[in-house]
Amino acid sequence: MPEIDLNADLGEGVGDDAAMLGIVSSANVSCGCHAGDAGTMATAFATARAQGVRTGAHPGYPDRANFGRLVVPMTVAEVERMVAWQVGAAMGVAALAGTRIAYVKAHGALYNLAATDRGIADAIARAVRAVDSRLTILCPAASQAETAANDAGLPVAAEVFADRAYRPDGTLVPRGEPGAVIHDPAQVSARVLAMLEAGAVKAVDGTEVPLRIDSVCLHGDTPGAVALARALRATLEAAGWRIAPFVA
């Protein structure tokens with residue numbers, strides 16, 4: 001039986017974390033800069049532990065007004081320190097909750113920039129390696145983030161987004177553009193199943209972009225997120241896929 005991981009961004013103080021943690025197999029827990037705080041982190045870690053869900057740190061720009069979705073001008077050194085600080089904080093709160101983080105996934109604008117900007121990608125990889133070189137980097141396949149993590153000697157896992165449209169170059173369509181976010185559960189479920197079967201994502205121009213897929217990301221903060229996640233999991237399991245964490 002083939003396996004696939006489902007991950008979601010949680011601990012952000014929005015959405016229904018408890019319900020999502022009953023559906024996904026990995027949780028990207030906000031580190032308190034773009035959203036959330038020590039309390040939301042602790043709750044997410046404890047609930048994930050009880051549900052047998054793997055947890056990762058989800059560092060982002062200190063941009064609470066825009067939910068971390070705008071680039072905050074920073075030097076490479078500032079990004080490196082910022083990521084190390086947030087990952088370290090996540091490790092501490094996770095330990096208090098009786099669990100540990102197994103991976104790191106950047107959030108929002110930081111994630112998107114690291115996919116194309118090698119300097120930012122290297123800063124993230126250096127920060128993660130300095131804090132704990134056993135942590136896996138979760139990022140887009142065939143991106144600068146993946147290359148930087150590989151060069152830093154870090155384990156890497158590749159993900160696709162269940163509810164986001166893709167450009168022909170394999171990058172995400174910006175959220176401000178029409179059709180960038182897909183909300184229909186049936187459409188999302190069929191799309192992800194097709195991705196997994198083809199090992200590729202279909203871009204907005206109809207072309208298929210081959211990508212390695214170790215995990216599928218669901219957004220916990222969008223309207224109808226829980227219903228969408230349940231529909232996707234049911235569709236994948238009915239098609240013979242086992243939902244399991246991408247990292248031990």
# chains A, B, ... in the order shown; residues from 1 in each chain; ligands from 1
call {"tool": "closest_atom_pairs", "arguments": {"of": "region 95-193 of chain A", "to": "region 84-87 of chain A", "cutoff": "7 Å", "atoms": "only C-alpha atoms", "output": "tab-separated table"}}
result
residue	atom	partner	partner_atom	distance
A:Ala127	CA	A:Ala84	CA	4.8
A:Val128	CA	A:Ala84	CA	6.3
A:Val131	CA	A:Ala84	CA	6.4
call {"tool": "residues_around", "arguments": {"residues": "region 107-113 of chain A", "least_positions_apart": "3", "cutoff": "8 Å", "atoms": "only C-alpha atoms", "output": "list in words"}}
result
His58, Pro59, Gly60, Tyr61, Phe67, Gly68, Arg69, Leu70, Val71, Thr116, Asp117, Ile120, Ala121 and Cys139 of chain A
call {"tool": "write_last_selection", "arguments": {"atoms": "all heavy atoms", "output": "tab-separated table (two decimals), in the first residue's frame"}}
result
chain	number	residue	atom	x	y	z
A	58	HIS	N	7.51	25.88	12.44
A	58	HIS	CA	7.01	26.62	11.27
A	58	HIS	C	7.38	28.10	11.41
A	58	HIS	O	6.53	28.95	11.71
A	58	HIS	CB	5.50	26.44	11.22
A	58	HIS	CG	4.86	26.81	9.92
A	58	HIS	ND1	5.40	26.50	8.69
A	58	HIS	CD2	3.71	27.49	9.66
A	58	HIS	CE1	4.61	26.95	7.73
A	58	HIS	NE2	3.58	27.56	8.30
A	59	PRO	N	8.67	28.43	11.21
A	59	PRO	CA	9.11	29.82	11.39
A	59	PRO	C	8.69	30.72	10.23
A	59	PRO	O	8.64	30.28	9.08
A	59	PRO	CB	10.64	29.68	11.44
A	59	PRO	CG	10.92	28.48	10.59
A	59	PRO	CD	9.79	27.54	10.86
A	60	GLY	N	8.39	31.96	10.56
A	60	GLY	CA	8.00	32.92	9.53
A	60	GLY	C	8.48	34.31	9.88
A	60	GLY	O	9.04	34.54	10.95
A	61	TYR	N	8.27	35.23	8.97
A	61	TYR	CA	8.64	36.63	9.22
A	61	TYR	C	7.82	37.20	10.39
A	61	TYR	O	6.65	36.82	10.58
A	61	TYR	CB	8.37	37.48	7.99
A	61	TYR	CG	9.41	37.35	6.90
A	61	TYR	CD1	9.06	36.87	5.64
A	61	TYR	CD2	10.74	37.73	7.12
A	61	TYR	CE1	10.01	36.77	4.62
A	61	TYR	CE2	11.68	37.63	6.12
A	61	TYR	CZ	11.31	37.14	4.88
A	61	TYR	OH	12.25	37.03	3.88
A	67	PHE	N	-0.03	38.10	8.58
A	67	PHE	CA	0.06	36.66	8.76
A	67	PHE	C	1.31	36.06	8.12
A	67	PHE	O	1.31	34.94	7.65
A	67	PHE	CB	-1.20	35.98	8.19
A	67	PHE	CG	-1.56	34.68	8.87
A	67	PHE	CD1	-1.95	34.65	10.19
A	67	PHE	CD2	-1.49	33.49	8.17
A	67	PHE	CE1	-2.27	33.43	10.81
A	67	PHE	CE2	-1.82	32.28	8.77
A	67	PHE	CZ	-2.20	32.25	10.10
A	68	GLY	N	2.37	36.85	8.09
A	68	GLY	CA	3.63	36.35	7.54
A	68	GLY	C	3.65	36.19	6.04
A	68	GLY	O	4.53	35.51	5.49
A	69	ARG	N	2.72	36.82	5.36
A	69	ARG	CA	2.60	36.62	3.91
A	69	ARG	C	3.23	37.75	3.09
A	69	ARG	O	3.11	37.78	1.87
A	69	ARG	CB	1.14	36.42	3.52
A	69	ARG	CG	0.64	35.06	4.01
A	69	ARG	CD	-0.79	34.78	3.69
A	69	ARG	NE	-1.14	33.40	4.09
A	69	ARG	CZ	-2.31	33.02	4.53
A	69	ARG	NH1	-3.29	33.92	4.64
A	69	ARG	NH2	-2.54	31.76	4.86
A	70	LEU	N	3.89	38.69	3.78
A	70	LEU	CA	4.66	39.72	3.09
A	70	LEU	C	6.12	39.61	3.51
A	70	LEU	O	6.42	39.33	4.67
A	70	LEU	CB	4.14	41.12	3.43
A	70	LEU	CG	2.73	41.48	2.94
A	70	LEU	CD1	2.41	42.92	3.34
A	70	LEU	CD2	2.62	41.31	1.43
A	71	VAL	N	7.03	39.82	2.55
A	71	VAL	CA	8.46	39.78	2.86
A	71	VAL	C	8.83	40.96	3.74
A	71	VAL	O	8.49	42.11	3.44
A	71	VAL	CB	9.30	39.81	1.57
A	71	VAL	CG1	10.78	39.96	1.90
A	71	VAL	CG2	9.07	38.53	0.76
A	116	THR	N	13.19	30.35	-4.22
A	116	THR	CA	13.84	30.93	-5.40
A	116	THR	C	15.12	31.70	-5.09
A	116	THR	O	15.92	31.96	-5.99
A	116	THR	CB	12.87	31.89	-6.13
A	116	THR	OG1	12.44	32.92	-5.23
A	116	THR	CG2	11.64	31.13	-6.63
A	117	ASP	N	15.32	32.08	-3.84
A	117	ASP	CA	16.47	32.91	-3.44
A	117	ASP	C	17.47	32.03	-2.68
A	117	ASP	O	17.23	31.65	-1.54
A	117	ASP	CB	15.98	34.06	-2.56
A	117	ASP	CG	17.07	35.07	-2.22
A	117	ASP	OD1	18.19	34.65	-1.85
A	117	ASP	OD2	16.80	36.28	-2.30
A	120	ILE	N	18.66	33.26	0.90
A	120	ILE	CA	17.69	33.03	1.97
A	120	ILE	C	17.59	31.54	2.28
A	120	ILE	O	17.52	31.13	3.45
A	120	ILE	CB	16.31	33.60	1.59
A	120	ILE	CG1	16.39	35.12	1.42
A	120	ILE	CG2	15.26	33.23	2.63
A	120	ILE	CD1	16.79	35.87	2.67
A	121	ALA	N	17.60	30.72	1.25
A	121	ALA	CA	17.55	29.27	1.45
A	121	ALA	C	18.75	28.79	2.26
A	121	ALA	O	18.62	27.96	3.17
A	121	ALA	CB	17.49	28.55	0.11
A	139	CYS	N	10.09	21.31	2.14
A	139	CYS	CA	10.11	22.42	1.19
A	139	CYS	C	9.64	21.95	-0.18
A	139	CYS	O	9.39	20.76	-0.37
A	139	CYS	CB	11.53	22.98	1.11
A	139	CYS	SG	12.75	21.80	0.46
call {"tool": "atom_distance", "arguments": {"atom1": "CA of Pro185 (chain A)", "atom2": "CA of Ile213 (chain A)"}}
result
20.0 Å
call {"tool": "residues_around", "arguments": {"residues": "Ile23 (chain A)", "least_positions_apart": "2", "cutoff": "10 Å", "atoms": "only C-alpha atoms", "output": "JSON, numbers by chain"}}
result
{"A": [6, 7, 8, 18, 19, 20, 21, 25, 26, 51, 53, 226, 229, 230, 231, 232, 233, 234, 243]}
call {"tool": "residues_around", "arguments": {"residues": "region 160-167 of chain A", "least_positions_apart": "5", "cutoff": "10 Å", "atoms": "only C-alpha atoms", "output": "PyMOL selection string"}}
result
chain A and resi 6-8+139-141+172-175+177-185+187-193+195-196+200-209+211-219+222+225+228-229+232
call {"tool": "select_by_dssp", "arguments": {"residues": "region 82-216 of chain A", "states": "alpha helix (DSSP H)", "output": "VMD selection string"}}
result
chain A and resid 82 to 96 108 to 116 118 to 131 144 to 151 185 to 198
call {"tool": "atom_distance", "arguments": {"atom1": "CA of Val156 (chain A)", "atom2": "CA of Gly39 (chain A)"}}
result
28.9 Å
call {"tool": "residues_around", "arguments": {"residues": "Ser133 (chain A)", "least_positions_apart": "5", "cutoff": "10 Å", "atoms": "only C-alpha atoms", "output": "list in words"}}
result
Ala125, Arg126, Ala127, Val128, Ala152, Gly153, Leu154 and Pro155 of chain A
